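So this one's my_file_6.pdb, PDB, C-alpha atoms:
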```
ATOM      1  CA  MET Q   1     127.459 128.243  -8.444
ATOM      2  CA  ILE Q   2     123.796 127.264  -8.800
ATOM      3  CA  ASP Q   3     123.210 124.720 -11.550
ATOM      4  CA  ARG Q   4     121.221 126.552 -14.214
ATOM      5  CA  ARG Q   5     119.257 123.410 -14.932
ATOM      6  CA  ILE Q   6     117.387 123.900 -11.647
ATOM      7  CA  LYS Q   7     114.162 125.759 -12.411
ATOM      8  CA  PHE Q   8     111.501 127.306 -10.207
ATOM      9  CA  ARG Q   9     109.159 124.395 -10.936
ATOM     10  CA  HIS Q  10     111.702 121.973  -9.446
ATOM     11  CA  ILE Q  11     111.847 123.900  -6.166
ATOM     12  CA  GLN Q  12     108.102 124.449  -6.007
ATOM     13  CA  CYS Q  13     107.264 120.804  -6.651
ATOM     14  CA  PHE Q  14     109.840 119.553  -4.165
ATOM     15  CA  VAL Q  15     108.572 121.815  -1.362
ATOM     16  CA  GLU Q  16     104.931 120.894  -2.001
ATOM     17  CA  ILE Q  17     105.707 117.157  -1.975
ATOM     18  CA  ALA Q  18     107.644 117.561   1.285
ATOM     19  CA  GLN Q  19     104.813 119.489   2.896
ATOM     20  CA  GLU Q  20     102.028 117.196   1.698
ATOM     21  CA  ARG Q  21     104.061 113.976   2.166
ATOM     22  CA  SER Q  22     102.262 112.727  -0.938
ATOM     23  CA  LEU Q  23     102.869 112.972  -4.672
ATOM     24  CA  LYS Q  24      99.141 112.871  -5.371
ATOM     25  CA  LEU Q  25      98.230 115.635  -2.920
ATOM     26  CA  ALA Q  26     101.097 117.813  -4.119
ATOM     27  CA  ALA Q  27     100.078 117.253  -7.753
ATOM     28  CA  ASP Q  28      96.474 118.199  -6.954
ATOM     29  CA  LYS Q  29      97.598 121.363  -5.177
ATOM     30  CA  LEU Q  30      99.761 122.424  -8.118
ATOM     31  CA  ALA Q  31      97.172 121.374 -10.716
ATOM     32  CA  LEU Q  32      99.572 118.835 -12.231
ATOM     33  CA  THR Q  33      99.299 115.147 -13.022
ATOM     34  CA  GLN Q  34     101.042 112.702 -10.709
ATOM     35  CA  PRO Q  35     103.380 111.455 -13.492
ATOM     36  CA  ALA Q  36     104.361 115.082 -14.232
ATOM     37  CA  ILE Q  37     105.260 115.915 -10.634
ATOM     38  CA  SER Q  38     107.076 112.598 -10.249
ATOM     39  CA  LYS Q  39     109.112 113.383 -13.379
ATOM     40  CA  THR Q  40     109.962 116.862 -12.019
ATOM     41  CA  LEU Q  41     111.211 115.365  -8.748
ATOM     42  CA  LYS Q  42     113.337 112.826 -10.659
ATOM     43  CA  GLU Q  43     114.839 115.651 -12.748
ATOM     44  CA  LEU Q  44     115.778 117.565  -9.592
ATOM     45  CA  GLU Q  45     117.380 114.508  -7.986
ATOM     46  CA  ASP Q  46     119.379 113.858 -11.171
ATOM     47  CA  ILE Q  47     120.591 117.460 -11.203
ATOM     48  CA  VAL Q  48     121.692 117.541  -7.533
ATOM     49  CA  GLY Q  49     123.049 114.007  -7.730
ATOM     50  CA  ALA Q  50     121.279 112.749  -4.620
ATOM     51  CA  THR Q  51     118.088 110.994  -3.579
ATOM     52  CA  LEU Q  52     116.008 113.613  -1.798
ATOM     53  CA  MET Q  53     112.939 111.525  -1.010
ATOM     54  CA  THR Q  54     111.977 107.905  -0.561
ATOM     55  CA  ARG Q  55     108.565 106.369  -1.075
ATOM     56  CA  ASN Q  56     106.936 103.856   1.273
ATOM     57  CA  ARG Q  57     103.465 102.757   2.345
ATOM     58  CA  ALA Q  58     103.199 105.729   4.710
ATOM     59  CA  GLY Q  59     103.893 108.131   1.864
ATOM     60  CA  ILE Q  60     106.933 110.272   1.193
ATOM     61  CA  ALA Q  61     109.932 110.502   3.547
ATOM     62  CA  LEU Q  62     112.825 112.942   3.253
ATOM     63  CA  THR Q  63     116.357 111.602   3.160
ATOM     64  CA  ARG Q  64     119.115 113.431   5.042
ATOM     65  CA  PRO Q  65     120.134 115.387   1.898
ATOM     66  CA  GLY Q  66     116.443 116.040   1.310
ATOM     67  CA  LYS Q  67     116.025 117.638   4.749
ATOM     68  CA  VAL Q  68     118.988 119.923   4.109
ATOM     69  CA  PHE Q  69     117.708 120.863   0.653
ATOM     70  CA  LEU Q  70     114.176 121.484   1.976
ATOM     71  CA  HIS Q  71     115.412 124.024   4.523
ATOM     72  CA  PHE Q  72     117.028 126.206   1.876
ATOM     73  CA  ALA Q  73     114.314 125.565  -0.708
ATOM     74  CA  GLN Q  74     111.700 126.932   1.696
ATOM     75  CA  ILE Q  75     113.851 129.976   2.401
ATOM     76  CA  SER Q  76     114.280 130.532  -1.340
ATOM     77  CA  LEU Q  77     110.541 130.442  -2.016
ATOM     78  CA  ALA Q  78     109.796 132.686   0.967
ATOM     79  CA  SER Q  79     112.478 135.157  -0.162
ATOM     80  CA  LEU Q  80     111.024 135.219  -3.661
ATOM     81  CA  GLN Q  81     107.589 135.905  -2.195
ATOM     82  CA  GLN Q  82     109.052 138.720  -0.116
ATOM     83  CA  GLY Q  83     110.564 140.168  -3.255
ATOM     84  CA  LEU Q  84     107.247 140.062  -5.087
ATOM     85  CA  GLU Q  85     105.498 141.711  -2.166
ATOM     86  CA  GLY Q  86     108.266 144.306  -2.075
ATOM     87  CA  VAL Q  87     107.593 145.181  -5.707
ATOM     88  CA  GLU Q  88     103.911 145.595  -4.881
ATOM     89  CA  ARG Q  89     104.834 147.953  -2.072
ATOM     90  CA  GLU Q  90     107.161 150.035  -4.249
ATOM     91  CA  GLY Q  91     106.659 153.671  -3.358
ATOM     92  CA  ASP Q  92     105.226 152.759   0.053
ATOM     93  CA  LEU Q  93     107.664 153.567   2.868
ATOM     94  CA  ALA Q  94     106.038 151.088   5.259
ATOM     95  CA  ARG Q  95     108.135 148.036   6.081
ATOM     96  CA  PRO Q  96     106.417 144.634   6.291
ATOM     97  CA  THR Q  97     105.108 143.864   9.783
ATOM     98  CA  LEU Q  98     104.419 140.509  11.422
ATOM     99  CA  LYS Q  99     102.211 140.498  14.526
ATOM    100  CA  VAL Q 100     102.851 137.533  16.816
ATOM    101  CA  GLY Q 101     100.974 136.615  19.982
ATOM    102  CA  ALA Q 102     103.103 134.777  22.567
ATOM    103  CA  LEU Q 103     101.610 132.909  25.503
ATOM    104  CA  PRO Q 104     103.649 132.798  28.742
ATOM    105  CA  SER Q 105     104.848 129.252  27.987
ATOM    106  CA  VAL Q 106     106.875 130.490  25.003
ATOM    107  CA  ALA Q 107     107.471 134.212  25.557
ATOM    108  CA  THR Q 108     110.695 133.784  27.536
ATOM    109  CA  SER Q 109     112.041 130.461  26.285
ATOM    110  CA  PHE Q 110     111.048 129.708  22.691
ATOM    111  CA  ILE Q 111     110.355 133.080  21.080
ATOM    112  CA  PRO Q 112     113.751 134.741  21.835
ATOM    113  CA  PRO Q 113     115.848 132.182  19.885
ATOM    114  CA  VAL Q 114     113.216 132.163  17.129
ATOM    115  CA  MET Q 115     113.602 135.931  16.809
ATOM    116  CA  ILE Q 116     117.374 135.556  16.424
ATOM    117  CA  GLU Q 117     116.873 133.114  13.550
ATOM    118  CA  PHE Q 118     114.113 135.202  12.001
ATOM    119  CA  SER Q 119     116.147 138.420  12.155
ATOM    120  CA  ASP Q 120     118.919 136.732  10.195
ATOM    121  CA  LEU Q 121     116.479 135.524   7.542
ATOM    122  CA  ALA Q 122     114.270 138.619   7.290
ATOM    123  CA  PRO Q 123     116.066 141.658   8.761
ATOM    124  CA  ASP Q 124     113.707 144.108   7.038
ATOM    125  CA  VAL Q 125     110.557 142.793   8.738
ATOM    126  CA  ILE Q 126     109.201 144.523  11.844
ATOM    127  CA  VAL Q 127     107.919 141.969  14.371
ATOM    128  CA  GLN Q 128     105.371 143.061  16.955
ATOM    129  CA  ILE Q 129     105.192 140.596  19.867
ATOM    130  CA  VAL Q 130     102.141 140.718  22.101
ATOM    131  CA  ASP Q 131     102.015 138.569  25.235
ATOM    132  CA  GLY Q 132      99.056 137.770  27.436
ATOM    133  CA  PRO Q 133      96.595 135.044  28.494
ATOM    134  CA  HIS Q 134      95.216 132.523  26.042
ATOM    135  CA  ALA Q 135      91.707 133.940  25.675
ATOM    136  CA  TYR Q 136      92.991 137.473  25.084
ATOM    137  CA  LEU Q 137      95.440 136.470  22.357
ATOM    138  CA  ILE Q 138      93.006 134.135  20.594
ATOM    139  CA  GLU Q 139      90.414 136.908  20.478
ATOM    140  CA  ARG Q 140      93.005 139.281  18.966
ATOM    141  CA  LEU Q 141      93.849 136.583  16.415
ATOM    142  CA  LYS Q 142      90.214 136.072  15.407
ATOM    143  CA  MET Q 143      89.759 139.822  15.014
ATOM    144  CA  GLY Q 144      92.737 139.985  12.666
ATOM    145  CA  GLU Q 145      94.891 142.028  15.055
ATOM    146  CA  LEU Q 146      97.466 139.214  15.202
ATOM    147  CA  ASP Q 147      98.845 137.092  12.361
ATOM    148  CA  LEU Q 148      99.539 134.069  14.540
ATOM    149  CA  VAL Q 149      99.722 132.982  18.179
ATOM    150  CA  ILE Q 150     102.331 130.648  19.657
ATOM    151  CA  GLY Q 151     101.640 128.720  22.850
ATOM    152  CA  ARG Q 152      99.765 125.942  24.569
ATOM    153  CA  LEU Q 153      96.707 124.348  23.005
ATOM    154  CA  GLY Q 154      93.646 125.757  24.748
ATOM    155  CA  ARG Q 155      90.316 124.237  25.676
ATOM    156  CA  PRO Q 156      88.094 123.140  22.765
ATOM    157  CA  SER Q 157      85.627 125.958  23.422
ATOM    158  CA  THR Q 158      88.354 128.591  23.002
ATOM    159  CA  MET Q 159      89.799 126.998  19.867
ATOM    160  CA  GLU Q 160      86.672 127.239  17.717
ATOM    161  CA  GLY Q 161      87.517 128.886  14.426
ATOM    162  CA  VAL Q 162      91.266 128.521  14.982
ATOM    163  CA  SER Q 163      93.747 126.187  13.282
ATOM    164  CA  PHE Q 164      96.411 124.584  15.497
ATOM    165  CA  THR Q 165      99.729 123.189  14.262
ATOM    166  CA  GLN Q 166     101.732 121.379  16.928
ATOM    167  CA  LEU Q 167     105.398 122.326  17.256
ATOM    168  CA  TYR Q 168     106.512 120.436  20.383
ATOM    169  CA  SER Q 169     105.279 119.320  23.820
ATOM    170  CA  GLU Q 170     106.064 120.452  27.352
ATOM    171  CA  THR Q 171     105.010 119.673  30.917
ATOM    172  CA  VAL Q 172     103.944 121.764  33.894
ATOM    173  CA  ASP Q 173     106.479 122.328  36.673
ATOM    174  CA  LEU Q 174     106.122 123.086  40.359
ATOM    175  CA  VAL Q 175     108.950 125.444  41.310
ATOM    176  CA  VAL Q 176     110.139 127.114  44.499
ATOM    177  CA  ARG Q 177     113.017 129.307  45.630
ATOM    178  CA  ALA Q 178     116.377 127.745  46.411
ATOM    179  CA  GLY Q 179     116.427 126.592  50.046
ATOM    180  CA  HIS Q 180     112.655 126.155  50.264
ATOM    181  CA  PRO Q 181     111.698 123.839  53.183
ATOM    182  CA  LEU Q 182     109.730 121.568  50.835
ATOM    183  CA  LEU Q 183     112.984 120.596  49.104
ATOM    184  CA  GLU Q 184     114.177 118.858  52.287
ATOM    185  CA  ALA Q 185     111.251 116.415  52.327
ATOM    186  CA  PRO Q 186     109.392 116.628  48.980
ATOM    187  CA  ASP Q 187     105.738 115.658  49.278
ATOM    188  CA  ILE Q 188     103.269 117.114  46.827
ATOM    189  CA  LYS Q 189     100.420 116.931  49.341
ATOM    190  CA  ARG Q 190     102.306 119.471  51.480
ATOM    191  CA  ILE Q 191     102.092 122.276  48.912
ATOM    192  CA  VAL Q 192      98.882 123.401  50.658
ATOM    193  CA  GLU Q 193     101.047 124.489  53.609
ATOM    194  CA  TRP Q 194     102.343 127.449  51.572
ATOM    195  CA  PRO Q 195     100.853 130.014  49.205
ATOM    196  CA  VAL Q 196     100.438 128.582  45.699
ATOM    197  CA  ILE Q 197     100.664 130.620  42.495
ATOM    198  CA  TYR Q 198      98.001 128.897  40.427
ATOM    199  CA  PRO Q 199      96.824 129.163  36.787
ATOM    200  CA  PRO Q 200      93.564 131.160  36.638
ATOM    201  CA  GLU Q 201      90.326 130.073  35.028
ATOM    202  CA  GLY Q 202      90.776 130.186  31.263
ATOM    203  CA  ALA Q 203      94.519 129.503  31.347
ATOM    204  CA  ALA Q 204      95.538 126.774  28.890
ATOM    205  CA  ILE Q 205      97.198 124.666  31.612
ATOM    206  CA  ARG Q 206      94.411 124.987  34.200
ATOM    207  CA  PRO Q 207      92.576 121.722  33.302
ATOM    208  CA  LEU Q 208      95.873 119.797  33.241
ATOM    209  CA  VAL Q 209      96.867 121.132  36.653
ATOM    210  CA  GLU Q 210      93.461 120.363  38.148
ATOM    211  CA  ARG Q 211      93.536 116.749  36.931
ATOM    212  CA  TYR Q 212      97.137 116.322  38.071
ATOM    213  CA  LEU Q 213      96.492 117.540  41.617
ATOM    214  CA  ILE Q 214      93.372 115.376  41.921
ATOM    215  CA  ALA Q 215      95.386 112.343  40.771
ATOM    216  CA  CYS Q 216      98.032 113.168  43.408
ATOM    217  CA  GLY Q 217      95.444 113.414  46.167
ATOM    218  CA  VAL Q 218      95.929 117.139  46.730
ATOM    219  CA  GLY Q 219      92.816 118.709  48.202
ATOM    220  CA  GLU Q 220      91.594 122.286  48.153
ATOM    221  CA  ILE Q 221      94.380 124.866  48.154
ATOM    222  CA  PRO Q 222      93.244 127.480  50.697
ATOM    223  CA  ASN Q 223      95.905 130.088  50.002
ATOM    224  CA  ARG Q 224      96.429 130.618  46.318
ATOM    225  CA  ILE Q 225      97.181 133.472  43.967
ATOM    226  CA  GLU Q 226      95.721 133.027  40.489
ATOM    227  CA  THR Q 227      97.735 134.691  37.715
ATOM    228  CA  VAL Q 228      99.520 134.075  34.418
ATOM    229  CA  SER Q 229     101.968 136.907  35.043
ATOM    230  CA  GLY Q 230     105.468 135.529  34.612
ATOM    231  CA  ALA Q 231     106.993 138.746  35.938
ATOM    232  CA  PHE Q 232     105.030 138.498  39.194
ATOM    233  CA  GLY Q 233     105.651 134.761  39.551
ATOM    234  CA  ARG Q 234     109.410 135.075  39.202
ATOM    235  CA  VAL Q 235     109.749 137.851  41.777
ATOM    236  CA  HIS Q 236     107.220 136.529  44.285
ATOM    237  CA  THR Q 237     108.520 132.947  44.210
ATOM    238  CA  ARG Q 238     112.122 134.027  44.765
ATOM    239  CA  ARG Q 239     111.187 136.319  47.674
ATOM    240  CA  THR Q 240     108.703 134.066  49.493
ATOM    241  CA  ASP Q 241     107.944 130.420  50.205
ATOM    242  CA  ALA Q 242     105.256 130.317  47.535
ATOM    243  CA  VAL Q 243     104.978 127.266  45.258
ATOM    244  CA  TRP Q 244     104.543 128.253  41.618
ATOM    245  CA  ILE Q 245     102.669 125.921  39.258
ATOM    246  CA  ILE Q 246     103.595 126.930  35.741
ATOM    247  CA  SER Q 247     104.544 125.622  32.266
ATOM    248  CA  SER Q 248     108.182 124.521  32.198
ATOM    249  CA  GLY Q 249     109.014 126.907  29.363
ATOM    250  CA  VAL Q 250     108.094 129.942  31.451
ATOM    251  CA  VAL Q 251     110.738 129.183  34.087
ATOM    252  CA  GLN Q 252     113.302 127.440  31.898
ATOM    253  CA  ASN Q 253     115.889 130.200  32.333
ATOM    254  CA  GLU Q 254     115.329 130.503  36.093
ATOM    255  CA  THR Q 255     115.632 126.774  36.776
ATOM    256  CA  ALA Q 256     118.713 126.592  34.544
ATOM    257  CA  ASP Q 257     120.556 129.294  36.483
ATOM    258  CA  GLY Q 258     119.391 128.048  39.897
ATOM    259  CA  HIS Q 259     117.282 131.068  40.852
ATOM    260  CA  LEU Q 260     114.300 128.729  41.047
ATOM    261  CA  VAL Q 261     114.247 124.993  41.706
ATOM    262  CA  ARG Q 262     111.899 122.440  40.189
ATOM    263  CA  LEU Q 263     110.299 120.210  42.815
ATOM    264  CA  PRO Q 264     111.085 116.546  42.081
ATOM    265  CA  PHE Q 265     107.530 115.471  41.271
ATOM    266  CA  ASP Q 266     106.571 113.429  38.212
ATOM    267  CA  THR Q 267     104.395 115.774  36.170
ATOM    268  CA  GLY Q 268     104.400 113.661  33.023
ATOM    269  CA  MET Q 269     100.607 113.554  32.887
ATOM    270  CA  THR Q 270     100.545 117.346  32.387
ATOM    271  CA  LYS Q 271     102.433 117.068  29.104
ATOM    272  CA  GLY Q 272     100.616 119.008  26.452
ATOM    273  CA  PRO Q 273     101.138 120.382  22.936
ATOM    274  CA  VAL Q 274     102.654 123.774  22.203
ATOM    275  CA  GLY Q 275     101.999 125.049  18.733
ATOM    276  CA  MET Q 276     101.047 127.736  16.269
ATOM    277  CA  MET Q 277      97.488 129.058  16.098
ATOM    278  CA  THR Q 278      96.238 130.810  12.957
ATOM    279  CA  ARG Q 279      92.992 131.739  11.246
ATOM    280  CA  PRO Q 280      91.977 128.804   9.017
ATOM    281  CA  ASP Q 281      90.924 131.063   6.150
ATOM    282  CA  GLY Q 282      94.178 133.007   6.041
ATOM    283  CA  GLN Q 283      97.081 132.363   3.680
ATOM    284  CA  PRO Q 284     100.522 132.913   5.249
ATOM    285  CA  ASN Q 285     102.404 135.837   3.730
ATOM    286  CA  ALA Q 286     106.136 135.755   3.075
ATOM    287  CA  SER Q 287     107.054 137.039   6.543
ATOM    288  CA  GLU Q 288     104.956 134.359   8.235
ATOM    289  CA  GLN Q 289     106.481 131.650   6.047
ATOM    290  CA  VAL Q 290     109.979 132.737   7.077
ATOM    291  CA  PHE Q 291     108.873 132.848  10.731
ATOM    292  CA  ARG Q 292     107.706 129.243  10.438
ATOM    293  CA  ILE Q 293     111.093 128.263   9.032
ATOM    294  CA  ALA Q 294     112.789 130.020  11.967
ATOM    295  CA  MET Q 295     110.609 128.100  14.439
ATOM    296  CA  GLN Q 296     111.437 124.743  12.868
ATOM    297  CA  THR Q 297     115.139 125.621  12.941
ATOM    298  CA  VAL Q 298     114.989 126.411  16.676
ATOM    299  CA  ILE Q 299     113.015 123.242  17.407
ATOM    300  CA  GLY Q 300     115.783 121.255  15.722
ATOM    301  CA  LYS Q 301     118.561 123.093  17.560
ATOM    302  CA  LEU Q 302     116.910 122.755  20.970
ATOM    303  CA  GLY Q 303     115.980 119.129  20.409
ATOM    304  CA  LEU Q 304     112.312 119.758  21.211
ATOM    305  CA  SER Q 305     109.961 116.922  20.409
ATOM    306  CA  SER Q 306     106.279 116.300  20.031
TER
END
```
Could you rewrite the structure in this file as structure tokens?
Amino acid sequence: MIDRRIKFRHIQCFVEIAQERSLKLAADKLALTQPAISKTLKELEDIVGATLMTRNRAGIALTRPGKVFLHFAQISLASLQQGLEGVEREGDLARPTLKVGALPSVATSFIPPVMIEFSDLAPDVIVQIVDGPHAYLIERLKMGELDLVIGRLGRPSTMEGVSFTQLYSETVDLVVRAGHPLLEAPDIKRIVEWPVIYPPEGAAIRPLVERYLIACGVGEIPNRIETVSGAFGRVHTRRTDAVWIISSGVVQNETADGHLVRLPFDTGMTKGPVGMMTRPDGQPNASEQVFRIAMQTVIGKLGLSS
């Protein structure tokens, strides 16, 4: 049974402190004094009988009990917000809808488990998932046709007017079919001997791939197919001797089951951030807040790191 001494202000203050990592910033955001918010946190810790946060020179750090409590506190606030929005929609038959843009690097690996978590937390929300290249999705986001976009960080010119929150990092892989002749004597300079499926101009990974190949001494690739189509890449690579240069997340399932094989080249220098892109002037609604919780849950389960 929930201890009746726990009030909404306790939950709200705790979540704000955890998000801001600072008592002062959280107090400013809630229009409270720092002593008042500190007292509220102490009351909550006394009620639950555990230290939820520690203070150090870097700011506020969550303890293990604090991390557990934060997860459910965020869900509680998001659920309350959903309830309030539901009251506002009373008489309207439309269900809440969340529109998510998914770049190829996350559409087949990260988004599916996130949707499982999200469906458990918000089964009444309709999620519309739109996939496509970076420039297309970012434009839809800026126009308000998407609520958020998940994927690789793009070039600075494409990210103007967009907020980016990093979730984890991933590298680029070079993959081929099982039994490919290049697997017998791996040499990255030999990829020019076969067709190469290459990221097109404007793709988020294009600059990383270009720098990587230059660093490896790979010259002009005479026979290349430029596309971000995961469907085409999977079929064409399995049926031919093509070498596919693609974000690891796109082919995670195929390399795991052996349908495609990652060439044993060190691609560490292609490591780049994957994150959430939103409009900086927008406030996340309840559905988006729950979606963010689902993403953090999956990141923890999969052991993804920044």
Give me the result of the PyMOL selection byres ((chain Q and resi 247) around 7) on this file, residue by residue, as an MDAnalysis selection string. chainID Q and resid 105 171:173 246 248:250
Could you write out as AutoDock Vina command-line options the box around segment 281-288 of chain Q (axis-aligned, all atoms listed in the file, 5 Å on each side), with centre and edge lengths in Å to one decimal?
```
--center_x 99.0 --center_y 134.1 --center_z 5.7 --size_x 26.1 --size_y 16.0 --size_z 15.2
```
Please enumerate the residues selected by the PyMOL selection byres ((chain Q and resi 282) around 12) when evaluated against the supplied file, formatted as a list of chain:residue names.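 Taken over the shown coordinates, the PyMOL selection byres ((chain Q and resi 282) around 12) returns Q:Leu141, Q:Lys142, Q:Gly144, Q:Leu146, Q:Asp147, Q:Leu148, Q:Gly161, Q:Val162, Q:Ser163, Q:Met277, Q:Thr278, Q:Arg279, Q:Pro280, Q:Asp281, Q:Gln283, Q:Pro284, Q:Asn285, Q:Glu288.
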Ranking Q:Gly132, Q:Ala73, Q:Ile116, Q:Arg55 by minimum distance to Glu16 of chain Q and counting only C-alpha atoms, which one comes first?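 For Glu16 of chain Q, the nearest of the candidates is Q:Ala73.
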Step by step, work through what the PyMOL selection byres ((chain Q and resi 37-42) around 12) selects in the shown file, and finish by giving those residues as a PyMOL selection string. chain Q and resi 5-18+22-36+43-55+60+66
How many Å separate atom CA of Pro186 of chain Q from atom CA of Ile225 of chain Q?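 Those two atoms sit 21.4 Å apart.
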How many Å separate atom CA of Ile75 of chain Q from atom CA of Pro104 of chain Q? 28.4 Å
Could you jot down the atom CA of Leu304 of chain Q to atom CA of Glu170 of chain Q separation for me, Å, one decimal place? 8.8 Å
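Of the listed residues (Q:Leu98, Q:Ile191, Q:Ala204, Q:Val251), Q:Leu98 comes nearest to Val127 of chain Q; the distances count only C-alpha atoms.
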Test item: residues at most 12 Å from Met276 of chain Q, all atoms listed in the file, excluding those fewer than 2 positions along its chain, as a ChimeraX atom specification: /Q:100-103,106,111,138,141,147-154,159,162-168,273-274,278-280,288,291-292,295-296
Identify, on the basis of only C-alpha atoms, every residue whose closest approach to segment 208-214 of chain Q does not exceed 8 Å; exclude the query and any residue fewer than 4 positions from it along the same chain; express the result as a ChimeraX atom specification. /Q:172,218-219,245,267,269-270
Nearby residues, (112.2, 134.3, 41.8) file frame, 12 Å, only C-alpha atoms, as a ChimeraX atom specification: /Q:175-178,180,230-244,250-251,253-255,257-262
Mind checking which residues fall within 12 Å of Met115 of chain Q, counting all atoms listed in the file, ignoring those fewer than 3 positions away in the same chain, and posting them as JSON, numbers by chain? {"Q": [98, 100, 106, 107, 108, 109, 110, 111, 112, 118, 119, 120, 121, 122, 123, 125, 126, 127, 128, 129, 290, 291, 292, 293, 294, 295, 297, 298]}
Taking into account only C-alpha atoms, which residue in the set Q:Pro156, Q:Pro133, Q:Gly275, Q:Pro222 is nearest to Pro199 of chain Q?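 Once distances to Pro199 of chain Q are computed over only C-alpha atoms, the minimum belongs to Q:Pro133.
Every protein or nucleic acid residue with an atom no more than 12 Å from Glu184 of chain Q, counting only C-alpha atoms and leaving out same-chain residues fewer than 6 positions away, appears here: Ala178, Arg190, Leu263 and Pro264 of chain Q.
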Keeping only C-alpha atoms, write the selected residues to a file as a short mmCIF file (atom, residue, chain, number, x, y, z; two decimals), in the frame of the given file.
```cif
data_model
loop_
_atom_site.label_atom_id
_atom_site.label_comp_id
_atom_site.auth_asym_id
_atom_site.auth_seq_id
_atom_site.Cartn_x
_atom_site.Cartn_y
_atom_site.Cartn_z
CA ALA Q 178 116.38 127.74 46.41
CA ARG Q 190 102.31 119.47 51.48
CA LEU Q 263 110.30 120.21 42.82
CA PRO Q 264 111.08 116.55 42.08
#
```
Between Q:Ser287, Q:Asn223, Q:Gln74, Q:Ser305, which one has atoms that come closest to Pro96 of chain Q, using all atoms listed in the file? Q:Ser287
